[in-house]
Structures are given as C-alpha cells and as structure tokens.
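Next comes start.pdb, a file with PDB, C-alpha atoms.
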ATOM      1  CA  MET D   1      29.779  18.651  -6.923
ATOM      2  CA  SER D   2      26.077  19.125  -6.210
ATOM      3  CA  GLN D   3      23.235  20.310  -8.389
ATOM      4  CA  HIS D   4      20.029  21.826  -7.142
ATOM      5  CA  ARG D   5      17.216  23.977  -8.275
ATOM      6  CA  PRO D   6      17.438  27.355  -6.495
ATOM      7  CA  LYS D   7      14.391  28.839  -4.877
ATOM      8  CA  GLY D   8      12.336  31.003  -7.176
ATOM      9  CA  ALA D   9      13.743  29.480 -10.357
ATOM     10  CA  LYS D  10      11.491  29.152 -13.396
ATOM     11  CA  ALA D  11       9.756  25.851 -14.019
ATOM     12  CA  ALA D  12      11.970  23.348 -15.776
ATOM     13  CA  ASN D  13      11.281  22.054 -19.272
ATOM     14  CA  PRO D  14       8.750  19.191 -18.797
ATOM     15  CA  LEU D  15      10.764  17.032 -21.183
ATOM     16  CA  GLN D  16      13.941  17.497 -19.171
ATOM     17  CA  LYS D  17      14.723  15.018 -16.434
ATOM     18  CA  PRO D  18      14.780  16.800 -13.056
ATOM     19  CA  TRP D  19      18.178  15.326 -12.191
ATOM     20  CA  ALA D  20      19.844  15.869 -15.564
ATOM     21  CA  LYS D  21      22.643  18.411 -16.003
ATOM     22  CA  THR D  22      21.748  21.309 -18.264
ATOM     23  CA  ALA D  23      24.134  22.404 -20.996
ATOM     24  CA  LYS D  24      24.865  25.554 -18.994
ATOM     25  CA  THR D  25      25.622  23.532 -15.871
ATOM     26  CA  ALA D  26      27.896  21.209 -17.825
ATOM     27  CA  ALA D  27      29.752  24.162 -19.354
ATOM     28  CA  ASN D  28      30.217  25.800 -15.977
ATOM     29  CA  THR D  29      31.458  22.517 -14.514
ATOM     30  CA  MET D  30      33.985  22.096 -17.344
ATOM     31  CA  GLN D  31      35.183  25.668 -16.888
ATOM     32  CA  ARG D  32      35.748  25.146 -13.152
ATOM     33  CA  SER D  33      37.551  21.862 -13.835
ATOM     34  CA  ASN D  34      39.903  23.513 -16.320
ATOM     35  CA  ALA D  35      40.627  26.347 -13.914
ATOM     36  CA  SER D  36      42.047  24.028 -11.251
ATOM     37  CA  ALA D  37      43.381  20.487 -11.405
ATOM     38  CA  LYS D  38      42.649  19.947  -7.715
ATOM     39  CA  PRO D  39      39.295  18.370  -6.808
ATOM     40  CA  GLN D  40      36.896  20.860  -5.297
ATOM     41  CA  PRO D  41      35.631  20.116  -1.761
ATOM     42  CA  ALA D  42      31.945  19.363  -1.367
ATOM     43  CA  LYS D  43      29.808  22.195  -0.115
ATOM     44  CA  PRO D  44      29.173  21.758   3.613
ATOM     45  CA  MET D  45      25.661  20.809   4.621
ATOM     46  CA  LYS D  46      23.767  23.500   6.485
ATOM     47  CA  ALA D  47      23.537  22.956  10.216
ATOM     48  CA  VAL D  48      20.797  20.529  11.237
ATOM     49  CA  LEU D  49      18.309  22.240  13.526
ATOM     50  CA  GLU D  50      17.059  20.666  16.754
ATOM     51  CA  ASP D  51      13.684  19.869  15.212
ATOM     52  CA  GLU D  52      15.276  18.251  12.145
ATOM     53  CA  SER D  53      16.850  14.858  11.531
ATOM     54  CA  LYS D  54      18.459  12.899   8.710
ATOM     55  CA  VAL D  55      16.832   9.877   7.106
ATOM     56  CA  TYR D  56      18.751   7.706   4.673
ATOM     57  CA  GLY D  57      18.272   4.424   2.852
ATOM     58  CA  GLU D  58      16.077   3.941  -0.204
ATOM     59  CA  ASN D  59      13.098   2.260   1.472
ATOM     60  CA  ALA D  60      13.081   4.534   4.518
ATOM     61  CA  CYS D  61      13.096   7.650   2.315
ATOM     62  CA  ARG D  62      10.440   6.328  -0.055
ATOM     63  CA  VAL D  63       8.031   5.479   2.767
ATOM     64  CA  LEU D  64       8.632   8.828   4.453
ATOM     65  CA  PHE D  65       7.771  10.644   1.217
ATOM     66  CA  THR D  66       4.622   8.547   0.877
ATOM     67  CA  GLN D  67       3.494   9.199   4.457
ATOM     68  CA  ARG D  68       4.509  12.828   5.121
ATOM     69  CA  PRO D  69       6.082  14.589   2.143
ATOM     70  CA  GLU D  70       5.525  17.999   3.752
ATOM     71  CA  ALA D  71       8.128  17.097   6.418
ATOM     72  CA  ILE D  72      10.976  17.036   3.874
ATOM     73  CA  VAL D  73      13.324  20.010   4.115
ATOM     74  CA  ARG D  74      16.013  19.014   1.599
ATOM     75  CA  LEU D  75      17.093  16.042  -0.522
ATOM     76  CA  TYR D  76      20.581  14.749  -1.328
ATOM     77  CA  ILE D  77      20.735  11.924  -3.860
ATOM     78  CA  ALA D  78      23.244  10.010  -5.985
ATOM     79  CA  ASP D  79      22.960  10.376  -9.761
ATOM     80  CA  LYS D  80      22.376   6.643 -10.286
ATOM     81  CA  LEU D  81      19.408   6.653  -7.888
ATOM     82  CA  ALA D  82      17.882   9.910  -9.105
ATOM     83  CA  PRO D  83      15.531   8.370 -11.735
ATOM     84  CA  LYS D  84      13.776   6.363  -8.997
ATOM     85  CA  PHE D  85      13.045   9.543  -7.062
ATOM     86  CA  ALA D  86      12.089  11.841  -9.925
ATOM     87  CA  ASP D  87       8.632  12.265  -8.366
ATOM     88  CA  VAL D  88      10.192  13.437  -5.112
ATOM     89  CA  MET D  89      12.375  15.988  -6.905
ATOM     90  CA  LYS D  90       9.408  17.300  -8.863
ATOM     91  CA  TYR D  91       7.440  17.643  -5.628
ATOM     92  CA  LEU D  92      10.293  19.533  -3.952
ATOM     93  CA  ALA D  93      10.745  21.808  -6.968
ATOM     94  CA  ALA D  94       7.043  22.671  -6.906
ATOM     95  CA  ALA D  95       7.292  23.351  -3.151
ATOM     96  CA  LYS D  96      10.392  25.519  -3.760
ATOM     97  CA  LYS D  97      12.580  23.230  -1.662
ATOM     98  CA  ALA D  98      16.103  22.320  -2.712
ATOM     99  CA  TYR D  99      17.335  18.961  -3.951
ATOM    100  CA  HIS D 100      20.971  18.134  -4.676
ATOM    101  CA  VAL D 101      22.362  15.469  -6.995
ATOM    102  CA  VAL D 102      25.730  14.661  -5.437
ATOM    103  CA  ASP D 103      28.559  12.142  -5.537
ATOM    104  CA  GLU D 104      29.165   9.309  -3.061
ATOM    105  CA  ALA D 105      31.761  11.258  -1.088
ATOM    106  CA  GLU D 106      29.377  14.112  -0.387
ATOM    107  CA  LEU D 107      26.535  11.749   0.493
ATOM    108  CA  GLU D 108      28.772  10.063   3.050
ATOM    109  CA  LYS D 109      29.572  13.444   4.588
ATOM    110  CA  VAL D 110      25.921  14.477   4.691
ATOM    111  CA  ALA D 111      24.750  11.192   6.229
ATOM    112  CA  ALA D 112      27.838  10.805   8.458
ATOM    113  CA  SER D 113      27.617   7.154   7.427
ATOM    114  CA  GLN D 114      28.859   4.894   4.637
ATOM    115  CA  HIS D 115      25.500   3.112   4.643
ATOM    116  CA  HIS D 116      23.402   5.935   3.181
ATOM    117  CA  GLY D 117      22.116   3.804   0.279
ATOM    118  CA  GLY D 118      22.454   6.664  -2.212
ATOM    119  CA  ILE D 119      19.937   9.057  -0.671
ATOM    120  CA  VAL D 120      19.620  11.332   2.366
ATOM    121  CA  LEU D 121      16.586  13.368   3.388
ATOM    122  CA  LEU D 122      16.717  16.217   5.857
ATOM    123  CA  VAL D 123      13.289  16.203   7.503
ATOM    124  CA  LYS D 124      11.295  17.725  10.330
ATOM    125  CA  ARG D 125      11.298  15.365  13.300
ATOM    126  CA  LYS D 126       8.138  13.507  14.176
ATOM    127  CA  PRO D 127       6.642  14.870  17.406
ATOM    128  CA  ILE D 128       7.095  12.572  20.411
ATOM    129  CA  PRO D 129       3.715  11.958  22.095
ATOM    130  CA  SER D 130       3.460  11.439  25.825
ATOM    131  CA  LEU D 131       2.638   8.003  27.192
ATOM    132  CA  ALA D 132      -0.378   9.460  29.018
ATOM    133  CA  ASN D 133      -1.870  10.827  25.789
ATOM    134  CA  TYR D 134      -1.234   7.534  24.011
ATOM    135  CA  LEU D 135      -3.006   5.561  26.750
ATOM    136  CA  ASN D 136      -5.977   7.943  26.721
ATOM    137  CA  GLN D 137      -6.364   7.542  22.961
ATOM    138  CA  LYS D 138      -6.281   3.735  23.084
ATOM    139  CA  GLY D 139      -8.907   3.405  25.824
ATOM    140  CA  ASN D 140     -10.146  -0.190  26.082
ATOM    141  CA  LYS D 141      -8.976  -1.231  22.644
ATOM    142  CA  ARG D 142      -6.800  -4.272  22.022
ATOM    143  CA  ASP D 143      -3.204  -3.105  22.017
ATOM    144  CA  CYS D 144       0.377  -4.215  22.401
ATOM    145  CA  LEU D 145       3.142  -1.880  23.553
ATOM    146  CA  LEU D 146       6.860  -2.460  23.804
ATOM    147  CA  ALA D 147       8.956  -1.067  26.646
ATOM    148  CA  LEU D 148      12.700  -1.025  26.008
ATOM    149  CA  ASP D 149      14.652  -0.992  29.266
ATOM    150  CA  GLY D 150      18.168   0.081  28.266
ATOM    151  CA  VAL D 151      18.107  -1.087  24.626
ATOM    152  CA  GLY D 152      20.116   1.472  22.642
ATOM    153  CA  ASN D 153      21.866  -0.222  19.709
ATOM    154  CA  PRO D 154      20.471   1.521  16.585
ATOM    155  CA  HIS D 155      20.470  -1.651  14.479
ATOM    156  CA  ASN D 156      18.500  -3.537  17.132
ATOM    157  CA  LEU D 157      16.132  -0.582  17.471
ATOM    158  CA  GLY D 158      15.639  -0.483  13.707
ATOM    159  CA  ALA D 159      14.979  -4.215  13.492
ATOM    160  CA  ILE D 160      12.507  -3.980  16.396
ATOM    161  CA  THR D 161      10.737  -1.046  14.736
ATOM    162  CA  ARG D 162      10.428  -2.990  11.485
ATOM    163  CA  THR D 163       8.890  -5.919  13.377
ATOM    164  CA  CYS D 164       6.496  -3.588  15.207
ATOM    165  CA  ALA D 165       5.267  -2.112  11.926
ATOM    166  CA  HIS D 166       4.785  -5.604  10.476
ATOM    167  CA  PHE D 167       2.622  -6.773  13.390
ATOM    168  CA  GLY D 168       0.769  -3.502  13.980
ATOM    169  CA  ILE D 169       2.470  -2.446  17.219
ATOM    170  CA  THR D 170       2.326   1.341  17.248
ATOM    171  CA  GLY D 171       4.043   2.400  20.489
ATOM    172  CA  VAL D 172       7.488   1.879  22.023
ATOM    173  CA  ILE D 173       8.197   3.223  25.522
ATOM    174  CA  MET D 174      11.776   4.504  25.950
ATOM    175  CA  ARG D 175      13.792   6.796  28.180
ATOM    176  CA  GLU D 176      15.572   8.170  25.097
ATOM    177  CA  PRO D 177      12.932   8.081  22.345
ATOM    178  CA  GLN D 178      15.103  10.091  19.951
ATOM    179  CA  LEU D 179      17.220   6.947  19.490
ATOM    180  CA  LEU D 180      14.324   5.379  17.606
ATOM    181  CA  HIS D 181      14.539   8.251  15.089
ATOM    182  CA  SER D 182      18.272   8.084  14.406
ATOM    183  CA  GLY D 183      19.399   7.691  10.795
ATOM    184  CA  ALA D 184      20.830   4.220  11.393
ATOM    185  CA  ALA D 185      17.694   2.984  13.183
ATOM    186  CA  LEU D 186      15.358   4.338  10.499
ATOM    187  CA  ARG D 187      17.450   2.850   7.691
ATOM    188  CA  THR D 188      17.365  -0.576   9.370
ATOM    189  CA  ALA D 189      13.611  -0.222   9.943
ATOM    190  CA  GLU D 190      13.144  -0.012   6.134
ATOM    191  CA  GLY D 191      10.267   2.485   6.454
ATOM    192  CA  GLY D 192       8.738   0.989   9.592
ATOM    193  CA  GLY D 193       9.658   4.076  11.600
ATOM    194  CA  GLU D 194       6.793   5.994   9.983
ATOM    195  CA  PHE D 195       4.233   3.726  11.657
ATOM    196  CA  VAL D 196       5.653   3.395  15.184
ATOM    197  CA  GLU D 197       5.541   6.077  17.888
ATOM    198  CA  ALA D 198       8.387   6.557  20.372
ATOM    199  CA  LEU D 199       6.819   7.276  23.773
ATOM    200  CA  LYS D 200       9.067   9.091  26.240
ATOM    201  CA  CYS D 201       9.321   8.070  29.877
ATOM    202  CA  ASP D 202      11.779   9.353  32.477
ATOM    203  CA  ASP D 203      10.918   6.621  34.971
ATOM    204  CA  MET D 204      10.340   3.141  33.529
ATOM    205  CA  PRO D 205       8.701   1.585  36.656
ATOM    206  CA  LEU D 206       6.300   4.552  36.844
ATOM    207  CA  ALA D 207       5.497   4.281  33.134
ATOM    208  CA  LEU D 208       4.723   0.578  33.503
ATOM    209  CA  ARG D 209       2.521   1.266  36.503
ATOM    210  CA  LEU D 210       0.528   3.754  34.413
ATOM    211  CA  CYS D 211       0.102   1.053  31.773
ATOM    212  CA  LYS D 212      -1.151  -1.450  34.344
ATOM    213  CA  GLU D 213      -3.626   1.113  35.671
ATOM    214  CA  ALA D 214      -4.854   1.525  32.087
ATOM    215  CA  GLY D 215      -5.599  -2.213  31.871
ATOM    216  CA  TYR D 216      -2.395  -3.548  30.307
ATOM    217  CA  THR D 217      -0.812  -6.811  31.431
ATOM    218  CA  LEU D 218       2.929  -6.515  31.998
ATOM    219  CA  VAL D 219       5.033  -9.208  30.310
ATOM    220  CA  THR D 220       8.786  -9.712  30.697
ATOM    221  CA  THR D 221      11.168 -12.245  29.237
ATOM    222  CA  SER D 222      13.853 -14.429  30.794
ATOM    223  CA  SER D 223      16.320 -16.917  29.392
ATOM    224  CA  HIS D 224      16.475 -18.697  32.763
ATOM    225  CA  GLY D 225      12.838 -19.252  33.665
ATOM    226  CA  GLY D 226       9.234 -18.332  33.062
ATOM    227  CA  GLN D 227       6.362 -19.813  31.098
ATOM    228  CA  SER D 228       6.792 -21.154  27.582
ATOM    229  CA  LEU D 229       5.810 -18.542  25.015
ATOM    230  CA  TYR D 230       3.887 -21.163  23.029
ATOM    231  CA  GLN D 231       1.910 -22.461  26.002
ATOM    232  CA  THR D 232       0.829 -19.087  27.359
ATOM    233  CA  ALA D 233      -2.339 -17.199  26.491
ATOM    234  CA  LEU D 234      -1.314 -13.600  25.852
ATOM    235  CA  PRO D 235      -3.919 -10.975  26.853
ATOM    236  CA  GLU D 236      -5.393  -8.510  24.375
ATOM    237  CA  LYS D 237      -3.726  -5.541  26.091
ATOM    238  CA  VAL D 238      -0.081  -6.136  26.940
ATOM    239  CA  VAL D 239       3.162  -4.276  27.505
ATOM    240  CA  ILE D 240       6.139  -6.474  26.632
ATOM    241  CA  VAL D 241       9.373  -5.367  28.277
ATOM    242  CA  PHE D 242      12.779  -6.104  26.777
ATOM    243  CA  GLY D 243      16.066  -5.319  28.486
ATOM    244  CA  GLU D 244      19.470  -4.688  26.973
ATOM    245  CA  GLU D 245      21.345  -7.749  25.843
ATOM    246  CA  MET D 246      23.908  -8.131  28.636
ATOM    247  CA  PHE D 247      21.789  -7.770  31.777
ATOM    248  CA  GLY D 248      18.124  -7.988  30.769
ATOM    249  CA  VAL D 249      15.392  -5.964  32.466
ATOM    250  CA  SER D 250      16.104  -4.214  35.748
ATOM    251  CA  LYS D 251      15.043  -5.858  39.025
ATOM    252  CA  ASN D 252      12.366  -3.233  39.729
ATOM    253  CA  VAL D 253      10.795  -3.862  36.344
ATOM    254  CA  ALA D 254      11.011  -7.649  36.675
ATOM    255  CA  LYS D 255       9.226  -7.541  40.056
ATOM    256  CA  ALA D 256       6.280  -5.690  38.518
ATOM    257  CA  ALA D 257       5.691  -8.333  35.826
ATOM    258  CA  ASP D 258       2.393 -10.223  35.612
ATOM    259  CA  ILE D 259       3.802 -12.828  33.208
ATOM    260  CA  ALA D 260       7.405 -13.936  32.665
ATOM    261  CA  LEU D 261       7.976 -15.633  29.308
ATOM    262  CA  GLN D 262      10.683 -17.931  28.071
ATOM    263  CA  ILE D 263      11.261 -18.722  24.406
ATOM    264  CA  PRO D 264      11.802 -22.504  24.159
ATOM    265  CA  GLY D 265      14.906 -23.716  22.357
ATOM    266  CA  THR D 266      17.771 -26.198  22.457
ATOM    267  CA  GLY D 267      19.655 -24.380  25.196
ATOM    268  CA  LYS D 268      22.838 -24.404  23.114
ATOM    269  CA  VAL D 269      22.993 -20.612  23.376
ATOM    270  CA  GLU D 270      22.106 -18.621  26.459
ATOM    271  CA  SER D 271      19.708 -16.197  24.817
ATOM    272  CA  LEU D 272      18.531 -14.627  21.587
ATOM    273  CA  ASN D 273      19.349 -11.181  20.258
ATOM    274  CA  VAL D 274      16.766  -8.725  21.589
ATOM    275  CA  SER D 275      15.410  -7.938  18.112
ATOM    276  CA  VAL D 276      14.958 -11.644  17.347
ATOM    277  CA  ALA D 277      13.222 -12.263  20.674
ATOM    278  CA  ALA D 278      10.918  -9.327  19.996
ATOM    279  CA  SER D 279      10.004 -10.735  16.587
ATOM    280  CA  LEU D 280       9.039 -14.110  18.034
ATOM    281  CA  ILE D 281       6.957 -12.727  20.903
ATOM    282  CA  LEU D 282       5.204 -10.052  18.871
ATOM    283  CA  GLY D 283       4.472 -12.585  16.164
ATOM    284  CA  GLU D 284       2.897 -14.960  18.704
ATOM    285  CA  TRP D 285       0.809 -12.167  20.239
ATOM    286  CA  TYR D 286      -0.402 -11.183  16.762
ATOM    287  CA  ARG D 287      -1.199 -14.833  15.889
ATOM    288  CA  GLN D 288      -3.241 -15.334  19.041
ATOM    289  CA  GLN D 289      -5.254 -12.155  18.531
ATOM    290  CA  GLN D 290      -6.240 -13.198  15.005
ATOM    291  CA  ARG D 291      -7.978 -16.355  16.188
TER     292      ARG D 291
END
Show me, as structure tokens, the structure contained in the file I just sent.
Amino acid sequence: MSQHRPKGAKAANPLQKPWAKTAKTAANTMQRSNASAKPQPAKPMKAVLEDESKVYGENACRVLFTQRPEAIVRLYIADKLAPKFADVMKYLAAAKKAYHVVDEAELEKVAASQHHGGIVLLVKRKPIPSLANYLNQKGNKRDCLLALDGVGNPHNLGAITRTCAHFGITGVIMREPQLLHSGAALRTAEGGGEFVEALKCDDMPLALRLCKEAGYTLVTTSSHGGQSLYQTALPEKVVIVFGEEMFGVSKNVAKAADIALQIPGTGKVESLNVSVAASLILGEWYRQQQR
C-alpha cells in the first residue's frame, strides 16, 4: 500500500515526519483491511515516458538529487529508508510532485528488479550530446575518452562509469548510449552516472577517426600482445577502446590504433574483466597526467 501527498494538498505540519502515516490514513487503512481479508494489489506505476527513466539504489538516487533535483518526476521509497530521504520528500512536496512510501513488493514491481535498494526515482533522462559537440567543447584541453565497442553488460557498464567518475573521465562513446543510463548500470555506478556523458555514435570507426582528427591518440588493449601499460607514456589526449569480453575490439578498430597496450600479469588467466581492465588503464593515465 502506498502513501503520497496529492498535488495541491495543504502544507503538512512541520513537526510531522513527511513519511509518517497520519491518523486518518491509518484509520482508512484499517477500515480497508477489515473489509477484505485478501491482500490488496499494489497500484500500478504510471507508464514511463520515452524521455523518462528509472534510477534505483541509495547512492545513485542521493547523488542524482544533489546534482539535478529538478529532473525528479516521482519517488518510491521503503518505509525503513524514508528518514534518510526526508529532505527529498520535502523538496518534492514543495514542488507539488508525488512521493510514495511503499512496501518491498511494490518497489520490486516499480524497479523491475530485486536490487532496488529500497528506493526508486522516476526521472527525466539526461540529454545525450553528440560526439562532435563534445569534441568542439574540449578543444585542445587534456582529455581521456572511452570507446566501448560492443560492451553491453549493465554491471560492467556501471563499474566502468564509476571508475570514469573517480578518475575524471567525462565521455564514453557508444553505439547504444541509453545502456549507460539503465537502472542496473546507474545503481552499479553508485552515483557516477551523473558525471559521465554517453556519446552516441552509429559508426565506431568513423567516430574514432573524428577523435584522431581532433588530436586524440587512439589506444586499444590486447591480452596477446602490445606494449606494457606500465612502460608506456600515455598522451594527454587519448581515446581508449575496450571491446566486449569474448572477442575484444573489432578488426577495423584495432587497425586504426596508434598504441596497443597489454596489462602485465602472471598469464594464469587469459584476460581481465573489461571493467577491471578499464580501472587499471584509466588509473595509470590519471597517474601519469598528475606528474
């Protein structure tokens, strides 16, 4: 059963917790319970519009509220987590936007996931900038971009996004940039998704050529050859390309590379998970640029 403040309602008593049940609500709930012994189904969530998406997970939702509170359309939250997000509920009430205190079963339905972490936000999607506009804005500045050639697992994408935010990488080139904004990816990113742009490209080789024309050095990785990551000077402006786990980067992309890197190791496993490899290479690029 959900609770929410309807639009146009009078301001709540300042001493009353925004998530607390009122006496009237409790009485109504008891009356409905007595009327039928069967559990009542949760109210269905309104259809998600094309320009909206769901964000869940405590850290992801907290960072989103900090960075762009105006993007929030609606909040669904578990009673036990509500005190932590009292400020968000007060903000939404003032903005005449609905929030709902719901049970775990309804949260799971809203998120379409068991891993909602007790909170789901319905939000306006971040706009997806074009690669050309991104390159024009950066000019001759030091910059590192990622290009993901076929990487689609949301947990890998979330882990990569979290790493990008940590090391100040602000752009990720993808054929399907909306994957970076999925609920699972944003939850795994732990708030990092608010600081990383997904840059759409329909043709990866063409996108990489545009980057090279803008002064970026193209770097690929290989588990079978290439220069040692720790013995290679990484340029100030680079695009680091990662392929999906099974087959790596495509041949056309590999041929365009200026530098092929290998991450040294024991050789006891063939390769590293793509998100782990990204963490190591981005960390080394960041380290070198700080010197």
Starting from the displayed file, determine the output of the PyMOL selection byres ((chain D and resi 252-263) around 7) and express the residue list as a CSV table (one decimal) with C-alpha atoms, in the frame of the given file.
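Result file out.csv:
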chain,number,residue,atom,x,y,z
D,205,PRO,CA,8.7,1.6,36.7
D,217,THR,CA,-0.8,-6.8,31.4
D,218,LEU,CA,2.9,-6.5,32.0
D,219,VAL,CA,5.0,-9.2,30.3
D,220,THR,CA,8.8,-9.7,30.7
D,221,THR,CA,11.2,-12.2,29.2
D,222,SER,CA,13.9,-14.4,30.8
D,223,SER,CA,16.3,-16.9,29.4
D,225,GLY,CA,12.8,-19.3,33.7
D,226,GLY,CA,9.2,-18.3,33.1
D,227,GLN,CA,6.4,-19.8,31.1
D,228,SER,CA,6.8,-21.2,27.6
D,229,LEU,CA,5.8,-18.5,25.0
D,249,VAL,CA,15.4,-6.0,32.5
D,250,SER,CA,16.1,-4.2,35.7
D,251,LYS,CA,15.0,-5.9,39.0
D,264,PRO,CA,11.8,-22.5,24.2
D,265,GLY,CA,14.9,-23.7,22.4
Report task. Within 9 Å of Leu92 of chain D, counting all atoms listed in the file, which residues show up once you throw out same-chain ones fewer than 4 positions away? Write them as a list of chain:residue names, please. Result ->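 So the residues in contact are D:Pro69, D:Ile72, D:Val73, D:Arg74, D:Leu75, D:Asp87, D:Val88, D:Lys96, D:Lys97, D:Ala98, D:Tyr99.
Interatomic distance, atom CA of Glu104 of chain D to atom CA of Tyr56 of chain D: 13.1 Å.
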Query raised in the report: the PyMOL selection byres ((chain D and resi 189) around 6) on the file shown: which residues, as a PyMOL selection string?
Result: chain D and resi 158-159+161-162+186-188+190-192
Requested in this report: List, as JSON, numbers by chain, every residue that the PyMOL selection byres ((chain D and resi 109-124) around 10) selects in the file provided.
Outcome: {"D": [42, 43, 44, 45, 46, 48, 49, 50, 51, 52, 53, 54, 55, 56, 57, 58, 59, 60, 61, 62, 64, 65, 68, 69, 70, 71, 72, 73, 74, 75, 76, 77, 78, 79, 80, 81, 82, 85, 99, 100, 101, 102, 103, 104, 105, 106, 107, 108, 125, 126, 127, 183, 184, 187]}
Build an axis-aligned box that encloses every atom of segment 249-252 of chain D listed in the file, pad it by 3 Å on each side, and report its centre and edge lengths in Å to one decimal, as JSON.
{"center_x": 14.2, "center_y": -4.6, "center_z": 36.1, "size_x": 9.7, "size_y": 8.7, "size_z": 13.3}
